[in-house]
Each structure stands twice: as structure tokens, then as C-alpha cells.
file run.pdb (PDB, C-alpha atoms)
ATOM      1  CA  MET A   1      36.414  -1.914   8.454
ATOM      2  CA  LEU A   2      32.925  -2.434   7.068
ATOM      3  CA  ASN A   3      31.505   0.396   5.017
ATOM      4  CA  LEU A   4      28.142   0.457   6.727
ATOM      5  CA  PRO A   5      25.407   2.769   5.437
ATOM      6  CA  LEU A   6      24.007   4.338   8.560
ATOM      7  CA  THR A   7      21.304   6.485   6.996
ATOM      8  CA  HIS A   8      18.946   6.171   4.050
ATOM      9  CA  ASP A   9      20.053   8.570   1.337
ATOM     10  CA  PHE A  10      17.839   8.811  -1.745
ATOM     11  CA  THR A  11      19.436  11.964  -3.125
ATOM     12  CA  GLY A  12      18.853  12.202  -6.864
ATOM     13  CA  LYS A  13      16.325   9.362  -6.942
ATOM     14  CA  VAL A  14      12.901   9.908  -8.490
ATOM     15  CA  VAL A  15      10.187   8.248  -6.393
ATOM     16  CA  VAL A  16       6.616   7.824  -7.624
ATOM     17  CA  VAL A  17       4.000   7.209  -4.915
ATOM     18  CA  THR A  18       0.427   6.324  -5.874
ATOM     19  CA  GLY A  19      -2.361   6.930  -3.362
ATOM     20  CA  ALA A  20      -0.350   9.817  -1.912
ATOM     21  CA  GLY A  21      -3.486  11.834  -1.219
ATOM     22  CA  GLY A  22      -4.178   9.620   1.795
ATOM     23  CA  VAL A  23      -2.501   9.949   5.172
ATOM     24  CA  LEU A  24      -0.544   6.698   4.957
ATOM     25  CA  CYS A  25       0.932   7.109   1.489
ATOM     26  CA  GLY A  26       1.270  10.836   2.007
ATOM     27  CA  ASP A  27       3.620  10.082   4.894
ATOM     28  CA  MET A  28       5.537   7.686   2.644
ATOM     29  CA  ALA A  29       5.943  10.357  -0.005
ATOM     30  CA  ARG A  30       7.057  12.888   2.598
ATOM     31  CA  ALA A  31       9.621  10.455   4.024
ATOM     32  CA  TYR A  32      11.293   9.981   0.641
ATOM     33  CA  ALA A  33      11.409  13.733   0.069
ATOM     34  CA  GLN A  34      13.035  14.243   3.458
ATOM     35  CA  ALA A  35      15.569  11.544   2.512
ATOM     36  CA  GLY A  36      16.620  13.562  -0.531
ATOM     37  CA  ALA A  37      14.451  12.122  -3.310
ATOM     38  CA  LYS A  38      12.494  13.982  -5.953
ATOM     39  CA  VAL A  39       8.958  12.759  -5.308
ATOM     40  CA  ALA A  40       5.947  12.525  -7.599
ATOM     41  CA  ALA A  41       2.820  12.263  -5.451
ATOM     42  CA  LEU A  42      -0.088  10.726  -7.397
ATOM     43  CA  ASP A  43      -3.737  10.506  -6.424
ATOM     44  CA  LEU A  44      -7.214  10.790  -7.897
ATOM     45  CA  ASN A  45      -7.742  13.563  -5.333
ATOM     46  CA  GLU A  46      -5.672  16.249  -7.011
ATOM     47  CA  ALA A  47      -6.281  18.836  -4.305
ATOM     48  CA  ALA A  48      -4.838  16.528  -1.641
ATOM     49  CA  VAL A  49      -1.551  15.862  -3.453
ATOM     50  CA  LEU A  50      -1.136  19.483  -4.506
ATOM     51  CA  LYS A  51      -1.548  20.529  -0.877
ATOM     52  CA  LEU A  52       0.950  17.882   0.239
ATOM     53  CA  ALA A  53       3.472  18.949  -2.396
ATOM     54  CA  GLU A  54       3.071  22.594  -1.397
ATOM     55  CA  GLU A  55       3.742  21.750   2.261
ATOM     56  CA  VAL A  56       6.775  19.587   1.492
ATOM     57  CA  THR A  57       8.220  22.137  -0.930
ATOM     58  CA  ALA A  58       7.827  24.849   1.697
ATOM     59  CA  GLU A  59       9.893  22.662   4.043
ATOM     60  CA  GLY A  60      12.749  22.740   1.510
ATOM     61  CA  PHE A  61      12.258  19.366  -0.194
ATOM     62  CA  ILE A  62      11.281  18.340  -3.724
ATOM     63  CA  MET A  63       7.779  17.075  -4.471
ATOM     64  CA  LYS A  64       5.201  17.595  -7.173
ATOM     65  CA  GLY A  65       1.566  16.514  -7.059
ATOM     66  CA  TYR A  66      -0.263  14.923  -9.991
ATOM     67  CA  LYS A  67      -3.847  13.855 -10.548
ATOM     68  CA  ALA A  68      -3.841  10.205 -11.594
ATOM     69  CA  ASN A  69      -6.320   7.355 -11.837
ATOM     70  CA  VAL A  70      -4.419   4.086 -11.330
ATOM     71  CA  LEU A  71      -7.127   2.229 -13.271
ATOM     72  CA  GLU A  72      -6.694   4.250 -16.473
ATOM     73  CA  LEU A  73      -3.611   3.274 -18.449
ATOM     74  CA  GLU A  74      -3.723   6.231 -20.856
ATOM     75  CA  ALA A  75      -4.019   8.690 -17.976
ATOM     76  CA  LEU A  76      -1.061   7.066 -16.247
ATOM     77  CA  GLU A  77       0.984   7.283 -19.435
ATOM     78  CA  ALA A  78       0.190  10.998 -19.659
ATOM     79  CA  VAL A  79       1.238  11.566 -16.043
ATOM     80  CA  HIS A  80       4.394   9.567 -16.732
ATOM     81  CA  GLN A  81       5.341  12.009 -19.478
ATOM     82  CA  GLN A  82       4.752  14.949 -17.128
ATOM     83  CA  ILE A  83       6.959  13.370 -14.467
ATOM     84  CA  LEU A  84       9.720  12.671 -16.997
ATOM     85  CA  ALA A  85       9.688  16.349 -17.951
ATOM     86  CA  ASP A  86       9.459  17.647 -14.373
ATOM     87  CA  LEU A  87      11.621  15.241 -12.376
ATOM     88  CA  GLY A  88      13.124  12.579 -14.647
ATOM     89  CA  PRO A  89      12.741   8.801 -15.026
ATOM     90  CA  CYS A  90      11.333   6.775 -12.135
ATOM     91  CA  ASP A  91      13.784   4.960  -9.848
ATOM     92  CA  ILE A  92      11.349   3.784  -7.168
ATOM     93  CA  LEU A  93       7.632   3.042  -7.469
ATOM     94  CA  ILE A  94       5.432   2.764  -4.396
ATOM     95  CA  ASN A  95       2.116   1.166  -5.336
ATOM     96  CA  GLY A  96       0.127   2.627  -2.475
ATOM     97  CA  ALA A  97      -3.293   3.049  -4.053
ATOM     98  CA  GLY A  98      -5.817   0.522  -2.775
ATOM     99  CA  GLY A  99      -8.310  -0.137  -0.012
ATOM    100  CA  ASN A 100     -11.494  -1.905   0.997
ATOM    101  CA  ASN A 101     -15.074  -1.180  -0.088
ATOM    102  CA  PRO A 102     -18.230  -1.432   2.063
ATOM    103  CA  ARG A 103     -20.109  -3.023  -0.842
ATOM    104  CA  ALA A 104     -17.751  -6.021  -0.608
ATOM    105  CA  THR A 105     -17.955  -6.376   3.183
ATOM    106  CA  CYS A 106     -20.262  -8.643   5.231
ATOM    107  CA  ASP A 107     -21.982  -7.481   8.406
ATOM    108  CA  ASN A 108     -21.643 -10.858  10.147
ATOM    109  CA  GLU A 109     -18.486 -12.836  10.889
ATOM    110  CA  TYR A 110     -20.253 -16.232  10.697
ATOM    111  CA  HIS A 111     -23.232 -17.173   8.562
ATOM    112  CA  HIS A 112     -25.180 -18.744  11.433
ATOM    113  CA  GLU A 113     -25.016 -15.421  13.292
ATOM    114  CA  ALA A 114     -27.032 -13.526  10.677
ATOM    115  CA  TRP A 115     -29.882 -11.275  11.804
ATOM    116  CA  GLU A 116     -32.752  -9.549  10.060
ATOM    117  CA  GLY A 117     -31.405  -6.971   7.639
ATOM    118  CA  CYS A 118     -27.872  -8.320   7.957
ATOM    119  CA  LYS A 119     -25.708  -8.158   4.818
ATOM    120  CA  THR A 120     -24.324 -11.681   4.461
ATOM    121  CA  PHE A 121     -21.898 -13.265   2.028
ATOM    122  CA  PHE A 122     -24.822 -13.876  -0.311
ATOM    123  CA  ASP A 123     -25.621 -10.161  -0.396
ATOM    124  CA  LEU A 124     -22.188  -8.928  -1.455
ATOM    125  CA  ASP A 125     -22.461  -6.504  -4.351
ATOM    126  CA  GLN A 126     -20.823  -7.814  -7.523
ATOM    127  CA  SER A 127     -19.861  -4.351  -8.742
ATOM    128  CA  GLY A 128     -18.312  -3.598  -5.356
ATOM    129  CA  VAL A 129     -16.242  -6.779  -5.468
ATOM    130  CA  ASP A 130     -15.181  -6.041  -9.055
ATOM    131  CA  PHE A 131     -14.127  -2.500  -8.156
ATOM    132  CA  LEU A 132     -12.199  -3.672  -5.104
ATOM    133  CA  PHE A 133     -10.173  -6.213  -7.094
ATOM    134  CA  LYS A 134      -9.502  -3.684  -9.835
ATOM    135  CA  LEU A 135      -8.419  -1.001  -7.390
ATOM    136  CA  ASN A 136      -6.021  -3.241  -5.480
ATOM    137  CA  PHE A 137      -4.682  -5.548  -8.193
ATOM    138  CA  GLN A 138      -4.980  -3.626 -11.452
ATOM    139  CA  GLY A 139      -4.214  -0.462  -9.486
ATOM    140  CA  THR A 140      -0.841  -2.049  -8.782
ATOM    141  CA  LEU A 141      -0.289  -3.768 -12.134
ATOM    142  CA  LEU A 142      -1.006  -0.763 -14.378
ATOM    143  CA  PRO A 143       1.333   1.746 -12.658
ATOM    144  CA  THR A 144       4.031  -0.939 -12.694
ATOM    145  CA  GLN A 145       3.570  -1.397 -16.446
ATOM    146  CA  VAL A 146       4.038   2.341 -16.926
ATOM    147  CA  PHE A 147       6.839   3.266 -14.540
ATOM    148  CA  ALA A 148       8.916   0.072 -14.561
ATOM    149  CA  LYS A 149       9.798   0.876 -18.185
ATOM    150  CA  ASP A 150      12.105   3.599 -16.850
ATOM    151  CA  MET A 151      13.788   1.071 -14.570
ATOM    152  CA  VAL A 152      14.285  -1.431 -17.391
ATOM    153  CA  GLU A 153      16.057   1.243 -19.439
ATOM    154  CA  LYS A 154      18.301   2.141 -16.493
ATOM    155  CA  LYS A 155      18.746  -1.523 -15.487
ATOM    156  CA  SER A 156      18.049  -0.559 -11.875
ATOM    157  CA  GLY A 157      15.073   0.297  -9.727
ATOM    158  CA  ASN A 158      12.730  -0.715  -6.961
ATOM    159  CA  ILE A 159       9.036  -1.519  -6.768
ATOM    160  CA  LEU A 160       7.255  -1.689  -3.421
ATOM    161  CA  ASN A 161       3.709  -3.032  -3.173
ATOM    162  CA  ILE A 162       1.333  -2.844  -0.218
ATOM    163  CA  SER A 163       0.030  -6.215   0.928
ATOM    164  CA  SER A 164      -1.714  -6.910   4.243
ATOM    165  CA  MET A 165      -2.119  -9.314   7.129
ATOM    166  CA  ASN A 166      -5.247 -10.430   5.246
ATOM    167  CA  ALA A 167      -2.973 -11.985   2.641
ATOM    168  CA  TYR A 168      -1.610 -14.456   5.208
ATOM    169  CA  ILE A 169      -4.830 -15.374   6.983
ATOM    170  CA  PRO A 170      -8.133 -14.000   5.654
ATOM    171  CA  LEU A 171     -10.085 -11.911   8.113
ATOM    172  CA  THR A 172     -13.789 -12.328   8.689
ATOM    173  CA  LYS A 173     -16.211  -9.922   6.978
ATOM    174  CA  ILE A 174     -13.843  -8.888   4.162
ATOM    175  CA  PRO A 175     -13.471 -11.806   1.715
ATOM    176  CA  ALA A 176     -12.801  -9.709  -1.376
ATOM    177  CA  TYR A 177     -10.201  -7.470   0.267
ATOM    178  CA  SER A 178      -8.417 -10.500   1.722
ATOM    179  CA  GLY A 179      -8.343 -12.153  -1.688
ATOM    180  CA  ALA A 180      -7.137  -9.002  -3.415
ATOM    181  CA  LYS A 181      -4.245  -8.558  -0.993
ATOM    182  CA  ALA A 182      -3.296 -12.230  -1.358
ATOM    183  CA  ALA A 183      -3.070 -11.493  -5.072
ATOM    184  CA  ILE A 184      -0.732  -8.583  -4.333
ATOM    185  CA  SER A 185       1.641 -10.826  -2.369
ATOM    186  CA  ASN A 186       1.659 -13.356  -5.191
ATOM    187  CA  PHE A 187       2.155 -10.625  -7.798
ATOM    188  CA  THR A 188       5.074  -9.234  -5.814
ATOM    189  CA  GLN A 189       6.864 -12.571  -6.035
ATOM    190  CA  TRP A 190       5.992 -12.843  -9.727
ATOM    191  CA  LEU A 191       7.441  -9.407 -10.463
ATOM    192  CA  ALA A 192      10.561 -10.137  -8.424
ATOM    193  CA  THR A 193      11.212 -13.193 -10.579
ATOM    194  CA  TYR A 194      10.304 -11.532 -13.863
ATOM    195  CA  PHE A 195      12.617  -8.558 -13.311
ATOM    196  CA  ALA A 196      15.405 -10.416 -11.498
ATOM    197  CA  GLY A 197      17.758 -10.241 -14.475
ATOM    198  CA  SER A 198      16.907  -6.604 -15.238
ATOM    199  CA  GLY A 199      18.350  -4.970 -12.128
ATOM    200  CA  ILE A 200      14.920  -4.329 -10.596
ATOM    201  CA  ARG A 201      13.902  -5.520  -7.145
ATOM    202  CA  CYS A 202      10.274  -5.923  -6.082
ATOM    203  CA  ASN A 203       9.103  -6.354  -2.502
ATOM    204  CA  ALA A 204       6.068  -5.573  -0.383
ATOM    205  CA  ILE A 205       5.163  -4.606   3.133
ATOM    206  CA  ALA A 206       2.232  -6.217   4.923
ATOM    207  CA  PRO A 207       0.888  -3.765   7.491
ATOM    208  CA  GLY A 208      -0.870  -5.035  10.560
ATOM    209  CA  PHE A 209      -3.849  -3.285  12.053
ATOM    210  CA  LEU A 210      -3.758   0.475  11.708
ATOM    211  CA  VAL A 211      -6.517   2.860  12.648
ATOM    212  CA  SER A 212      -7.568   4.813   9.561
ATOM    213  CA  ASN A 213     -10.617   6.596   8.223
ATOM    214  CA  GLN A 214     -11.394   3.450   6.204
ATOM    215  CA  ASN A 215     -11.674   1.126   9.198
ATOM    216  CA  ARG A 216     -12.410   3.424  12.129
ATOM    217  CA  ALA A 217     -16.086   2.416  12.252
ATOM    218  CA  LEU A 218     -15.097  -1.261  12.461
ATOM    219  CA  LEU A 219     -12.685  -0.654  15.324
ATOM    220  CA  PHE A 220     -14.422   1.961  17.473
ATOM    221  CA  ASN A 221     -17.977   2.705  18.506
ATOM    222  CA  GLU A 222     -19.453   6.156  18.032
ATOM    223  CA  ASP A 223     -18.596   7.011  21.640
ATOM    224  CA  GLY A 224     -14.928   6.150  21.023
ATOM    225  CA  THR A 225     -14.888   2.842  22.900
ATOM    226  CA  PRO A 226     -13.321  -0.193  21.175
ATOM    227  CA  THR A 227     -15.656  -2.566  19.351
ATOM    228  CA  LYS A 228     -15.698  -6.322  19.936
ATOM    229  CA  ARG A 229     -13.633  -6.627  16.750
ATOM    230  CA  SER A 230     -10.955  -4.377  18.241
ATOM    231  CA  ALA A 231     -10.827  -6.562  21.328
ATOM    232  CA  LYS A 232     -10.293  -9.643  19.145
ATOM    233  CA  ILE A 233      -7.543  -7.936  17.183
ATOM    234  CA  LEU A 234      -5.635  -6.771  20.222
ATOM    235  CA  ALA A 235      -6.026 -10.153  21.916
ATOM    236  CA  GLY A 236      -4.377 -11.713  18.861
ATOM    237  CA  THR A 237      -1.549  -9.180  18.720
ATOM    238  CA  PRO A 238       1.357 -10.013  21.053
ATOM    239  CA  MET A 239       2.345  -6.358  21.454
ATOM    240  CA  GLY A 240      -1.256  -5.593  22.433
ATOM    241  CA  ARG A 241      -1.642  -2.462  20.315
ATOM    242  CA  PHE A 242      -2.379  -1.152  16.861
ATOM    243  CA  VAL A 243       0.441  -0.279  14.467
ATOM    244  CA  ASP A 244       1.171   3.398  13.918
ATOM    245  CA  SER A 245       1.455   4.485  10.279
ATOM    246  CA  ALA A 246       4.905   5.980  10.939
ATOM    247  CA  GLU A 247       6.124   2.504  11.882
ATOM    248  CA  LEU A 248       5.776   1.386   8.262
ATOM    249  CA  LEU A 249       8.392   3.841   7.031
ATOM    250  CA  GLY A 250      11.470   1.979   8.275
ATOM    251  CA  GLY A 251      10.555  -1.196   6.409
ATOM    252  CA  MET A 252       9.679   0.805   3.301
ATOM    253  CA  LEU A 253      12.969   2.684   3.249
ATOM    254  CA  PHE A 254      14.982  -0.472   3.962
ATOM    255  CA  LEU A 255      13.419  -2.526   1.177
ATOM    256  CA  THR A 256      13.866   0.192  -1.453
ATOM    257  CA  ASP A 257      17.417   1.178  -0.495
ATOM    258  CA  ASP A 258      20.000  -0.653  -2.616
ATOM    259  CA  ALA A 259      22.687   0.107  -0.050
ATOM    260  CA  PHE A 260      20.781  -1.912   2.558
ATOM    261  CA  ALA A 261      18.756  -4.522   0.657
ATOM    262  CA  SER A 262      20.522  -5.196  -2.648
ATOM    263  CA  ALA A 263      19.890  -8.965  -2.397
ATOM    264  CA  VAL A 264      16.342  -8.725  -1.065
ATOM    265  CA  THR A 265      13.611  -9.314  -3.631
ATOM    266  CA  GLY A 266      10.286 -11.137  -3.586
ATOM    267  CA  VAL A 267       9.837 -10.522   0.148
ATOM    268  CA  VAL A 268       6.569  -9.568   1.846
ATOM    269  CA  LEU A 269       7.562  -7.973   5.156
ATOM    270  CA  PRO A 270       5.003  -8.043   7.998
ATOM    271  CA  ILE A 271       4.919  -4.871  10.083
ATOM    272  CA  ASP A 272       2.241  -6.026  12.460
ATOM    273  CA  ALA A 273       3.197  -5.860  16.141
ATOM    274  CA  GLY A 274       3.579  -9.646  16.073
ATOM    275  CA  PHE A 275       0.110 -10.554  14.723
ATOM    276  CA  ALA A 276       1.380 -13.029  12.099
ATOM    277  CA  ALA A 277       3.609 -14.777  14.623
ATOM    278  CA  TYR A 278       0.904 -15.558  17.178
ATOM    279  CA  SER A 279      -1.163 -18.748  17.078
ATOM    280  CA  GLY A 280      -3.676 -17.508  19.630
ATOM    281  CA  VAL A 281      -2.487 -19.941  22.290
TER     282      VAL A 281
END
call {"tool": "encode", "arguments": {"input": "run.pdb", "output": "C-alpha cells"}}
result
Amino acid sequence: MLNLPLTHDFTGKVVVVTGAGGVLCGDMARAYAQAGAKVAALDLNEAAVLKLAEEVTAEGFIMKGYKANVLELEALEAVHQQILADLGPCDILINGAGGNNPRATCDNEYHHEAWEGCKTFFDLDQSGVDFLFKLNFQGTLLPTQVFAKDMVEKKSGNILNISSMNAYIPLTKIPAYSGAKAAISNFTQWLATYFAGSGIRCNAIAPGFLVSNQNRALLFNEDGTPTKRSAKILAGTPMGRFVDSAELLGGMLFLTDDAFASAVTGVVLPIDAGFAAYSGV
């Protein structure tokens, strides 16, 4: 008889989640706590992660919130020491911090469709592009440098990065974000190779189109009706709907569970309602 693991059990594991002050990564942190892990929820917004940790602790699970800037190595090292003292060495790192920036986003999808006052490719703000790449790429690299040291010492561990559909096929209007997420997919494969002999697996999930505070204005008009961009997205999604944030959790738990995915490394898993599979015809 096969000894099949039927549930995800992370009892005793220490999970570090960056970007946990947001709804998406907050749900990820909560899911690990409910699966038995001791969770360190990190975010620049200290109040948000402290509130999350208070809620989760009140529910009977283990979570602590920490203020952390994923772009400051010394600050991350300091938080690492706090987590070691409070919870122990990191077993699983979720690099959730990231996002787009309006300063690196065009108003028009095609150059010939520009209008007076339109922010085109030529108007993209250099500082905005720089910040976006730092937030997404260095904001993944630096926490990995800090917390993967624990995994190397234990000769086991998991790293999960957050890529995007943009990494497969760049979307209009957001050239910098698309490029940054393509870098995350490439970096995931690089890390998987680099740590392959050290007992550490590294994978990523590539979410499809979710409705969040970051993109709500792109997807819905002020009166709540879908924008033309929403119509394009849904027409190119075989399931004809947006992805719910809770639908990312299954892929996340699978990829970071050694009982389920011990031979899976270097994978970028689309969770996209079929978007990546559809040619448009």
C-alpha cells in the first residue's frame, strides 16, 4: 500500500513570509500557520503584520509580525536574528514582497494610440523603473541571501518566489513589471540549480489575473463596470474569470511540502485559469 500524504502538515517548520502585510501574502502566512507552522510575517507596514499575527495567535496558531524592508540587507539580518530567537531557523521562505509602480506604467497600449497628455513609453520615470526592479528582484534576492543560510546549515529547506503571467508573455502598459517578473522566473531556476546539492528546493508560482488594490483601477471603472482591459483579459482566459487569491494556496503548499514535491525544483507553476494555455484562437 502506498503511504500517501493526504494533508499538508508543516508542524514544527519555521516559515518566513515577506510582504505579509498585504492581503495576498497575509493569506499565505495564515495558511502556513493553520497547517502547523511557526510563521514570521514580515512587511514594511509593521502595523499590518502585527495585526495579522494578533488575529492568527488568537485563533490558536503561531505567528509573529516583524517590520522589515526587503531592500535593506542589514535590517533583514537584524530581523533574522529576532526570528532565530523567537521561532528558530528558517525552513521555508516565501518571497512575497513585490508589485508594480504607476511611475513605470504607460497610459497607452500602443504608441500610435497616444493622446494629448498621455504618458507613453518615452515618459516612463527612471526612478520608478529603478525602484520597481529593486523591489521585485533585489527584494527577492536579499531575503534569500539572509534566510537560505539557515537552510544550508540544515541541508534542507524550500524557497518559493512569486512570478507572474507577465513573465511568460509581457503585457501592454507595464514593461518594467513584466521584465522584473521575467527576472524572477529566471532567478528561480538559477537558485534551484545553485542549491540542488544542498538539500534546498526553489520554485515559483505565476499567478494569473487577480483583482487587488494595486490593479483595481486598471480592471474596473469608478462605477464598478469592467474596463476594456478587463474584457480583453477575460476573453483571453479560457475559464472566463479572474483568479481568486485563495486559489494560489494549493500550489504554494504543494511546492513547499517535501512529502508531496521532493523532486520538484526550478518549476514556475501557472495558476491562471488557463491564460497561459490559450493562443487566442
call {"tool": "closest_residue", "arguments": {"input": "run.pdb", "among": "A:Val15, A:Val70, A:Ala259, A:Leu269", "to": "Asp150 in chain A", "atoms": "only C-alpha atoms"}}
result
A:Val15
call {"tool": "resolve_selection", "arguments": {"input": "run.pdb", "expression": "the PyMOL selection byres ((chain A and resi 160) around 6)", "output": "list in words"}}
result
Ile94, Ile159, Asn161, Cys202, Asn203 and Ala204 of chain A
call {"tool": "atom_distance", "arguments": {"input": "run.pdb", "atom1": "CA of Asp223 in chain A", "atom2": "CA of Val211 in chain A"}}
result
15.6 Å
call {"tool": "residues_around", "arguments": {"input": "run.pdb", "residues": "Lys64 in chain A", "least_positions_apart": "5", "cutoff": "8 Å", "atoms": "only C-alpha atoms", "output": "compact mmCIF listing (two decimals) with C-alpha atoms, in the frame of the given file"}}
result
# COMPACT_ATOMS: atom_id res chain seq x y z
CA VAL A 39 8.96 12.76 -5.31
CA ALA A 40 5.95 12.52 -7.60
CA ALA A 41 2.82 12.26 -5.45
CA VAL A 49 -1.55 15.86 -3.45
CA LEU A 50 -1.14 19.48 -4.51
CA ALA A 53 3.47 18.95 -2.40
CA GLU A 54 3.07 22.59 -1.40
call {"tool": "axis_aligned_box", "arguments": {"input": "run.pdb", "around": "range 171-185 of chain A", "padding_each_side": "4 Å", "output": "lines of an AutoDock Vina configuration file"}}
result
center_x = -7.3
center_y = -9.9
center_z = 1.8
size_x = 25.9
size_y = 12.9
size_z = 21.8
call {"tool": "residues_near_point", "arguments": {"input": "run.pdb", "point": "(9.7, 12.1, -1.4)", "cutoff": "10 Å", "atoms": "only C-alpha atoms", "output": "short mmCIF file (atom, residue, chain, number, x, y, z; two decimals) with C-alpha atoms, keeping the file's coordinate frame"}}
result
data_model
loop_
_atom_site.label_atom_id
_atom_site.label_comp_id
_atom_site.auth_asym_id
_atom_site.auth_seq_id
_atom_site.Cartn_x
_atom_site.Cartn_y
_atom_site.Cartn_z
CA PHE A 10 17.84 8.81 -1.74
CA THR A 11 19.44 11.96 -3.12
CA LYS A 13 16.32 9.36 -6.94
CA VAL A 14 12.90 9.91 -8.49
CA VAL A 15 10.19 8.25 -6.39
CA VAL A 16 6.62 7.82 -7.62
CA VAL A 17 4.00 7.21 -4.92
CA GLY A 26 1.27 10.84 2.01
CA ASP A 27 3.62 10.08 4.89
CA MET A 28 5.54 7.69 2.64
CA ALA A 29 5.94 10.36 0.00
CA ARG A 30 7.06 12.89 2.60
CA ALA A 31 9.62 10.46 4.02
CA TYR A 32 11.29 9.98 0.64
CA ALA A 33 11.41 13.73 0.07
CA GLN A 34 13.04 14.24 3.46
CA ALA A 35 15.57 11.54 2.51
CA GLY A 36 16.62 13.56 -0.53
CA ALA A 37 14.45 12.12 -3.31
CA LYS A 38 12.49 13.98 -5.95
CA VAL A 39 8.96 12.76 -5.31
CA ALA A 40 5.95 12.52 -7.60
CA ALA A 41 2.82 12.26 -5.45
CA ALA A 53 3.47 18.95 -2.40
CA VAL A 56 6.78 19.59 1.49
CA PHE A 61 12.26 19.37 -0.19
CA ILE A 62 11.28 18.34 -3.72
CA MET A 63 7.78 17.08 -4.47
CA LYS A 64 5.20 17.60 -7.17
#
call {"tool": "residues_around", "arguments": {"input": "run.pdb", "residues": "Ala68 in chain A", "least_positions_apart": "2", "cutoff": "6 Å", "atoms": "all atoms listed in the file", "output": "PDB file with C-alpha atoms, in the frame of the given file"}}
result
ATOM      1  CA  LEU A  42      -0.088  10.726  -7.397  1.00  0.00           C
ATOM      2  CA  ASP A  43      -3.737  10.506  -6.424  1.00  0.00           C
ATOM      3  CA  LEU A  44      -7.214  10.790  -7.897  1.00  0.00           C
TER       4      LEU A  44
END
call {"tool": "residues_around", "arguments": {"input": "run.pdb", "residues": "Val243 in chain A", "least_positions_apart": "3", "cutoff": "9 Å", "atoms": "only C-alpha atoms", "output": "number ranges by chain"}}
result
A: 207-211, 246-248, 271-273
call {"tool": "write_last_selection", "arguments": {"input": "run.pdb", "atoms": "C-alpha atoms", "output": "CSV table (one decimal), keeping the file's coordinate frame"}}
result
chain,number,residue,atom,x,y,z
A,207,PRO,CA,0.9,-3.8,7.5
A,208,GLY,CA,-0.9,-5.0,10.6
A,209,PHE,CA,-3.8,-3.3,12.1
A,210,LEU,CA,-3.8,0.5,11.7
A,211,VAL,CA,-6.5,2.9,12.6
A,246,ALA,CA,4.9,6.0,10.9
A,247,GLU,CA,6.1,2.5,11.9
A,248,LEU,CA,5.8,1.4,8.3
A,271,ILE,CA,4.9,-4.9,10.1
A,272,ASP,CA,2.2,-6.0,12.5
A,273,ALA,CA,3.2,-5.9,16.1
call {"tool": "closest_atom_pairs", "arguments": {"input": "run.pdb", "of": "range 170-270 of chain A", "to": "range 83-91 of chain A", "cutoff": "12 Å", "atoms": "all atoms listed in the file", "output": "CSV"}}
result
residue,atom,partner,partner_atom,distance
A:Gly199,CA,A:Asp91,CA,11.2
A:Ile200,CA,A:Asp91,CA,9.4
A:Arg201,CA,A:Asp91,CA,10.8
A:Thr256,CA,A:Asp91,CA,9.7
A:Asp257,CA,A:Asp91,CA,10.7
A:Asp258,CA,A:Asp91,CA,11.1
call {"tool": "resolve_selection", "arguments": {"input": "run.pdb", "expression": "the PyMOL selection byres ((chain A and resi 184) around 9)", "output": "PyMOL selection string"}}
result
chain A and resi 136-137+140+161-164+167+179-183+185-189+204
call {"tool": "write_last_selection", "arguments": {"input": "run.pdb", "atoms": "C-alpha atoms", "output": "mmCIF file, in the frame of the given file"}}
result
data_model
loop_
_atom_site.group_PDB
_atom_site.id
_atom_site.type_symbol
_atom_site.label_atom_id
_atom_site.label_comp_id
_atom_site.auth_asym_id
_atom_site.auth_seq_id
_atom_site.Cartn_x
_atom_site.Cartn_y
_atom_site.Cartn_z
ATOM 1 C CA ASN A 136 -6.021 -3.241 -5.480
ATOM 2 C CA PHE A 137 -4.682 -5.548 -8.193
ATOM 3 C CA THR A 140 -0.841 -2.049 -8.782
ATOM 4 C CA ASN A 161 3.709 -3.032 -3.173
ATOM 5 C CA ILE A 162 1.333 -2.844 -0.218
ATOM 6 C CA SER A 163 0.030 -6.215 0.928
ATOM 7 C CA SER A 164 -1.714 -6.910 4.243
ATOM 8 C CA ALA A 167 -2.973 -11.985 2.641
ATOM 9 C CA GLY A 179 -8.343 -12.153 -1.688
ATOM 10 C CA ALA A 180 -7.137 -9.002 -3.415
ATOM 11 C CA LYS A 181 -4.245 -8.558 -0.993
ATOM 12 C CA ALA A 182 -3.296 -12.230 -1.358
ATOM 13 C CA ALA A 183 -3.070 -11.493 -5.072
ATOM 14 C CA SER A 185 1.641 -10.826 -2.369
ATOM 15 C CA ASN A 186 1.659 -13.356 -5.191
ATOM 16 C CA PHE A 187 2.155 -10.625 -7.798
ATOM 17 C CA THR A 188 5.074 -9.234 -5.814
ATOM 18 C CA GLN A 189 6.864 -12.571 -6.035
ATOM 19 C CA ALA A 204 6.068 -5.573 -0.383
#
